[in-house]
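The next block holds one structure in the form of structure tokens; read it before the comments.
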Amino acid sequence: EYGRESIISNMGGNSGKLTPKDMMEMQMNMKIQAKMLHKSALKAEKEAIREKAKIRKAMEKGQTENARIFAENAIRQKNQMIAHERLSSRLDAVASKLQTCQASMKVAHNLGAVSYTHLRAHETPEHLVCRLLLEKKKKKIKKYSILLNETSIYL
């Protein structure tokens, strides 16, 4: 069985949890496959154009049976082009969702460190140290919110 869970669990062998490295590798593979499918779609489109030219030549010569065969080939090539483009766009969409997930994981990981800093700030009795730690936390939150906004702009 090659279900979603089995594919994920086989990657990295860490009981179904994807690491950022695994996600990046999957994202790159998806982008490569999408590009290959797009090239294949372009080839199919060119072949469909060639078949259309063959149809015209066969019709001019009065070879209707050959023209019918060329028309079937042209239709098949056009359908193949559409299918490859559709799959390519789906792979691009999933790759961009993985990129978003990676950015979110990075921000969540860094916010965990910020929260720890916030707790440490409230434990200190000195007001100056507490204020400095809280300012450090605000700077980190601002930095990561800008990072998150930048990544959402590209999506």
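Chain labels run A, B, ... following the order of the structure tokens; each chain numbers its residues from 1, and ligands are numbered from 1 in the order shown.
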May I have the residues within 10 Å of A:Ala67 as a PyMOL selection string, using only C-alpha atoms and disregarding those fewer than 3 positions away in the same chain? chain A and resi 51-64+70-73
For stretch 90-92 of chain A, find every residue with an atom within 9 Å (counting only C-alpha atoms), except residues of its own chain fewer than 2 positions away, and show them as an MDAnalysis selection string. chainID A and resid 27 30:31 33:35 85:88 94:97
A:Ala83 environment, 12 Å, only C-alpha atoms, sequence neighbours closer than 6 positions dropped, as a compact mmCIF listing (two decimals) with all heavy atoms, in the first residue's frame:
```
# COMPACT_ATOMS: atom_id res chain seq x y z
N LEU A 37 7.20 18.06 -16.37
CA LEU A 37 5.86 17.90 -16.93
C LEU A 37 5.50 19.06 -17.86
O LEU A 37 4.85 18.87 -18.89
CB LEU A 37 4.82 17.78 -15.81
CG LEU A 37 4.75 16.41 -15.16
CD1 LEU A 37 3.92 16.47 -13.88
CD2 LEU A 37 4.15 15.40 -16.11
N HIS A 38 5.92 20.26 -17.49
CA HIS A 38 5.66 21.42 -18.34
C HIS A 38 6.37 21.27 -19.68
O HIS A 38 5.79 21.54 -20.73
CB HIS A 38 6.10 22.69 -17.62
CG HIS A 38 5.83 23.94 -18.40
ND1 HIS A 38 4.56 24.40 -18.63
CD2 HIS A 38 6.66 24.80 -19.02
CE1 HIS A 38 4.62 25.49 -19.36
NE2 HIS A 38 5.89 25.76 -19.61
N SER A 40 7.21 18.47 -21.09
CA SER A 40 6.52 17.40 -21.79
C SER A 40 5.23 17.92 -22.44
O SER A 40 4.88 17.53 -23.55
CB SER A 40 6.20 16.26 -20.83
OG SER A 40 5.46 15.27 -21.47
N ALA A 41 4.55 18.82 -21.74
CA ALA A 41 3.32 19.41 -22.29
C ALA A 41 3.64 20.25 -23.53
O ALA A 41 2.89 20.23 -24.51
CB ALA A 41 2.63 20.26 -21.23
N LEU A 42 4.75 20.97 -23.48
CA LEU A 42 5.15 21.76 -24.65
C LEU A 42 5.47 20.88 -25.85
O LEU A 42 5.10 21.19 -26.99
CB LEU A 42 6.35 22.65 -24.31
CG LEU A 42 6.08 23.80 -23.34
CD1 LEU A 42 7.38 24.53 -23.02
CD2 LEU A 42 5.05 24.75 -23.90
N ALA A 44 4.19 17.92 -26.41
CA ALA A 44 2.91 17.38 -26.89
C ALA A 44 2.17 18.43 -27.72
O ALA A 44 1.54 18.09 -28.74
CB ALA A 44 2.05 16.92 -25.71
N GLU A 45 2.26 19.68 -27.31
CA GLU A 45 1.61 20.75 -28.07
C GLU A 45 2.24 20.90 -29.46
O GLU A 45 1.53 21.03 -30.46
CB GLU A 45 1.71 22.07 -27.30
CG GLU A 45 0.96 23.21 -27.96
CD GLU A 45 1.03 24.48 -27.15
OE1 GLU A 45 1.97 24.63 -26.34
OE2 GLU A 45 0.16 25.33 -27.36
N ARG A 76 -5.36 13.36 -29.28
CA ARG A 76 -4.68 12.66 -28.20
C ARG A 76 -3.51 13.50 -27.66
O ARG A 76 -3.33 13.61 -26.44
CB ARG A 76 -4.19 11.30 -28.68
CG ARG A 76 -3.64 10.45 -27.57
CD ARG A 76 -3.30 9.01 -27.95
NE ARG A 76 -2.46 8.88 -29.13
CZ ARG A 76 -2.88 8.55 -30.36
NH1 ARG A 76 -4.16 8.35 -30.58
NH2 ARG A 76 -2.03 8.44 -31.36
N GLN A 77 -2.75 14.11 -28.55
CA GLN A 77 -1.62 14.94 -28.11
C GLN A 77 -2.12 16.16 -27.32
O GLN A 77 -1.51 16.55 -26.32
CB GLN A 77 -0.79 15.39 -29.32
CG GLN A 77 -0.02 14.29 -30.00
CD GLN A 77 1.07 13.72 -29.12
OE1 GLN A 77 1.60 14.36 -28.23
NE2 GLN A 77 1.42 12.47 -29.38
N SER A 89 0.75 22.09 -12.67
CA SER A 89 0.26 23.17 -11.81
C SER A 89 -0.09 22.67 -10.41
O SER A 89 0.14 23.37 -9.42
CB SER A 89 -0.95 23.85 -12.45
OG SER A 89 -2.05 22.98 -12.48
N ARG A 90 -0.59 21.44 -10.32
CA ARG A 90 -0.88 20.88 -8.99
C ARG A 90 0.40 20.67 -8.19
O ARG A 90 0.45 20.94 -6.99
CB ARG A 90 -1.62 19.56 -9.14
CG ARG A 90 -3.06 19.72 -9.53
CD ARG A 90 -3.74 18.39 -9.65
NE ARG A 90 -5.12 18.54 -10.11
CZ ARG A 90 -5.87 17.55 -10.50
NH1 ARG A 90 -5.40 16.30 -10.50
NH2 ARG A 90 -7.10 17.76 -10.90
```
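As for atom CA of A:Cys101 and atom CA of A:Met26, they are spaced 12.2 Å apart.
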